[in-house]
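Colleague: Below you will find the structure I want to go over with you.
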Number of protein chains: 2
Amino acid sequence: MKIAFIGFGGVGQALAKLFLRNVEQLKKQYGIEPVVVAVTDVMKGSIYHPEGLNTNKLLEVVNETGNVENYPDQAGLIKGWDSLKTIKNSNADMIVEVTYTDVKTGQPAIDHCRAAFQNQKSVVTTNKGPVALAYKELSELAKKNGVYWGFEGTVMSGTPALRMPIITLAGNEISEIKGILNGTTNYILTEMEKGSSYEDALKKAQKLGYAEADPTSDVEGYDARYKAVILANYLMDEEIDAEDVPCKGISHFTEEMVQEALEENKKWRLIARIKKNEEGVKATVQPELIEVSDPLAGVTGATNAIVYECDLAGPIMLTGAGAGLVETGYSLLIDIIDFQRQNAQI
Amino acid sequence: MKIAFIGFGGVGQALAKLFLRNVEQLKKQYGIEPVVVAVTDVMKGSIYHPEGLNTNKLLEVVNETGNVENYPDQAGLIKGWDSLKTIKNSNADMIVEVTYTDVKTGQPAIDHCRAAFQNQKSVVTTNKGPVALAYKELSELAKKNGVYWGFEGTVMSGTPALRMPIITLAGNEISEIKGILNGTTNYILTEMEKGSSYEDALKKAQKLGYAEADPTSDVEGYDARYKAVILANYLMDEEIDAEDVPCKGISHFTEEMVQEALEENKKWRLIARIKKNEEGVKATVQPELIEVSDPLAGVTGATNAIVYECDLAGPIMLTGAGAGLVETGYSLLIDIIDFQRQNAQI
C-alpha cells in the first residue's frame with residue numbers, strides 16, 4: 001500500500017509512528033505493508049520517492065529540522081511538489097489527508113479529496129471539512145471511481161462513533177443520535193461543577209491543550225455542529241446544511257447556573273442532537289439541562305460520548321476519547337484496516 | 001437462506017417476528033431472504049418443510065396452541081424430527097440454536113453446534129454454553145468446514161460487546177476488559193442504593209422478570225463468569241476455564257454495606273474483569289468498590305456496560321441492554337447480517 005501524507009502535523013506523524021510500531025501485526029494480521037512514498041506539508045516541505053521513503057528517517061528529519069526536504073538525497077527523490085501535484089502525479093494509492101481543518105470552506109481538503117478520487121486514489125482523513133460540507137458529492141465521486149473514503153476520526157477521533165453503528169448495529173432503525181461531541185466544553189462544564197469560574201476553566205483547558213488560543217469554535221458549539229452534520233450525512237443518510245443547525249454554545253455560562261443545576265440534581269451538558277422523523281432529519285447543538293442519573297451526565301472531563309436510539313437493540317452508548325494525537329492517528333489506521341478488509345475480505 | 005430454529009421460545013420467536021417485520025429492508029439492504037424451513041422444540045414439537053413454512057402462520061399456531069405440530073397439514077410437511085435429525089437431515093443452511101442454556105454441561109447446544117458444522121451448516125446462537133465451554137473445538141470445526149458461527153448475543157444481548165472490538169477497534173492491543181455483564185445484580189445493587197434491602201430488591205427484580213425464581217446463577221456471579229470466559233476466548237484469544245475464574249456474588253450484601261459505600265462517595269458494582277499480561281489471561285468476577293466518578297458507577301438498573309482498555313484508542317466503553325427478547329432476537333439478526341456480509345461482501 002503506497003501512501004502519501006498530505007499534511008504532516010501531529011496526527012500524520014502519529015500514524016507514521018503506528019506504521020513503524022505495528023509493522024508486524026499489520027502485515028501478519030491484516031496483510032497491510034504500508035510504504036510511505038510522499039509527504040507534502042505547507043510548512044514542512046515536500047518529498048516524493050516512487051519506491052518509498054524510510055519512515056524512521058523521515059520522522060527523525062522532521063523532528064530535528066522541521067522540514068522533510070532535509071531528508072537525505074538519493075537517486076529518484078523529488079522535492080517541492082505541492083499537494084495537488086503529489087495527489088495526481090505520485091504513485092500513491094492511499095492519500096492520508098490531514099491538512100488543517102477549515103470548516104468554513106472545507107478547503108483545501110475538499111479539492112484534495114476530489115483530485116484523489118478523480119485519479120482513482122483512496123483517501124483517509126480526519127478533516128471534518130469535506131465530510132461536513134461536501135459529503136454527497138465526494139462520496140458519490142469515490143464510489144464512481146471505485147475507491148475508498150474513510151473518515152472515522154472526524155467524530156470522536158479513534159472512538160468508532162461512525163463505523164460502530166453502521167457495522168455492528170446494522171438492521172436497526174436509528175431514530176435519534178445525541179452526544180457530547182466536544183471535549184473542550186465538557187471539560188469546562190465539569191470544572192465549573194467543581195467550583196471553577198468559566199474563565200478559569202477555559203484557561204485551564206487552554207493550558208492542558210484541550211482548548212485553542214481562540215476557543216470560539218469549541219465554546220460556541222461550531223465544532224459539535226459540524227460533527228452533528230457528519231452524523232446526519234453518514235448515519236441518517238440525509239444531507240443537512242450546517243447553517244440550518246441551530247447552535248448555542250456555553251460562553252455565557254456562569255458558576256451560578258452550573259451550581260443551581262447541581263442543587264436540583266441536574267447537570268448542564270453541551271448536547272448535539274440529531275432526530276429523524278417522517279419530515280426528515282433535524283439537528284441542534286445546545287446546552288441541555290439533564291438529570292444527574294442520565295448516562296450523559298456521568299461523562300466528565302474531556303471525554304466524549306454518543307447515544308444511538310435503536311429500534312431493536314435499544315439505546316446504545318459509546319464513550320471514549322474525542323481527541324489526542326495517538327487516538328486520532330489510530331482513527332486513520334482503522335480506516336486503512338477497513339479499506340484492506342473490504343479489498344481482501346480478511 | 002434456509003433457516004431451522006432449534007428451540008423456539010421467546011428469543012427464537014422474536015427473531016421470527018423480525019424476519020417478518022424487516023422483510024423488505026433485509027432483502028433490499030442486505031440481500032437476505034430468510035425462509036424458515038424447520039422448527040424443533042422439546043416442548044413445542046417439531047415441523048419441517050423443505051420448501052419453507054409460512055412464518056406468520058407458524059407464530060400464530062405457537063401463540064394459539066403452544067405446539068408447532070398444529071401447523072396446517074400440507075404435502076411434504078414432516079412432523080416429529082428431533083433436533084439432531086433436523087440439523088442433519090433438513091435442507092437448512094443456517095441453524096438458529098436457541099435452546100435452554102445449560103452452562104454446566106453446555107448440552108445439548110454443544111452437540112447441536114457440532115452436528116451443524118460437521119454437516120456444513122452455519123450456526124447463530126445466544127447460548128453461552130458452547131462458547132464458554134467448547135470454544136476452541138467448535139470454532140476450529142466451523143472453520144474447517146467453511147461455515148459461520150455467530151454468538152454476539154451471548155454477552156450483553158444485542159449490544160455489540162463482541163463484534164464492536166473485533167471490527168471497529170481492530171489494530172488495538174486490548175490489555176484489559178472490565179464490565180457490568182449481569183443486569184439482574186446491577187438492578188439489585190442500584191435498588192439497594194435507593195434504600196431497599198437485598199431481599200426486597202431481589203423480589204422486585206423477580207417481579208419485573210429480571211431475575212429467575214432461582215436467582216443463583218445471577219446473584220452468585222456465575223452468569224457473569226461465563227461471559228468473562230467468552231470474552232477471554234473470543235477477544236483475548238486464550239481459552240480459559242470457567243472453573244479457574246474466581247467468582248464472588250452479591251447474595252451476602254446488606255443495606256449497610258451499600259449505604260456506607262455511598263457515604264464515602266463509592267458504589268459497589270459486580271465487575272467481571274479480564275486481564276492480559278505476559279503470563280497469560282486471568283479473569284475474576286467479584287463485587288468491587290468503585291468511585292462514584294467511575295463511569296461504571298453511573299451504570300444503573302438492569303443496564304450492562306463494558307470497558308476495553310485499548311493501547312491506541314484509549315479506554316472505550318459500550319453501554320446498553322444486556323437482556324430482553326427483542327434485543328436478544330436482534331443479536332441473532334446482526335449475526336445473520338454479518339454472515340451474509342462475509343459471503344456476499346456487501
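Numbering starts fresh at 1 for the residues of each chain in the C-alpha cells, the chains themselves are lettered A, B, ... in the order given, and ligands are numbered from 1 as they appear.
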Taking only C-alpha atoms into account, produce a table as CSV in which each residue of chain A with an atom at most 7 Å from an atom of chain B appears once, together with its shortest atom pair and the distance in Å to one decimal, ordered by chain and rising number.
Modeller:
```
residue,atom,partner,partner_atom,distance
A:Gly158,CA,B:Ala313,CA,5.1
A:Thr159,CA,B:Ala313,CA,6.4
A:Pro160,CA,B:Thr168,CA,6.1
A:Arg163,CA,B:Thr168,CA,6.4
A:Met164,CA,B:Thr168,CA,6.1
A:Thr168,CA,B:Pro160,CA,6.1
A:Ala170,CA,B:Ile334,CA,6.5
A:Gly171,CA,B:Ile334,CA,6.9
A:Pro295,CA,B:Gly298,CA,6.4
A:Gly298,CA,B:Gly298,CA,5.9
A:Leu312,CA,B:Glu327,CA,5.7
A:Ala313,CA,B:Glu327,CA,4.7
A:Gly314,CA,B:Ala321,CA,6.7
A:Pro315,CA,B:Gly320,CA,6.1
A:Ile316,CA,B:Gly320,CA,4.8
A:Met317,CA,B:Thr319,CA,4.9
A:Leu318,CA,B:Leu318,CA,4.8
A:Thr319,CA,B:Met317,CA,4.9
A:Gly320,CA,B:Ile316,CA,4.8
A:Ala321,CA,B:Gly314,CA,6.7
A:Val326,CA,B:Leu312,CA,6.1
A:Glu327,CA,B:Ala313,CA,4.7
A:Tyr330,CA,B:Leu312,CA,6.1
A:Ile334,CA,B:Ala170,CA,6.5
```
Colleague: Need to verify the contact set: Ile3 (chain A), 8 Å, only C-alpha atoms, exclusion of same-chain residues closer than 4 positions in sequence. Can you return it as a PyMOL selection string?
Modeller: chain A and resi 34-38+92-96
Colleague: Could you give me the residues within region 126-183 of chain B that DSSP places in strand (DSSP E), as a PyMOL selection string?
Modeller: chain B and resi 149-150+174-180
Colleague: Let me make sure I understand: among A:Lys136, A:Gln259, A:Ile166, A:Leu270, which one has the smallest atom-to-atom distance to Glu238 (chain A) if we use only C-alpha atoms?
Modeller: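 Counting only C-alpha atoms, the residue closest to Glu238 (chain A) is A:Lys136.
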Colleague: Go through A:Lys17, A:Lys27, A:Arg114, A:Lys204 one by one, measure the shortest atom-to-atom distance of each to Gln340 (chain A) using only C-alpha atoms, and give the residue with the smallest value.
Modeller: A:Lys27
Colleague: If we count only C-alpha atoms and set the cut-off at 9 Å, which residues sit around Ala16 (chain A), ignoring sequence neighbours fewer than 2 positions away in its own chain? Please answer as a VMD selection string.
Modeller: chain A and resid 11 to 14 18 to 21 36 55 to 56 59 329
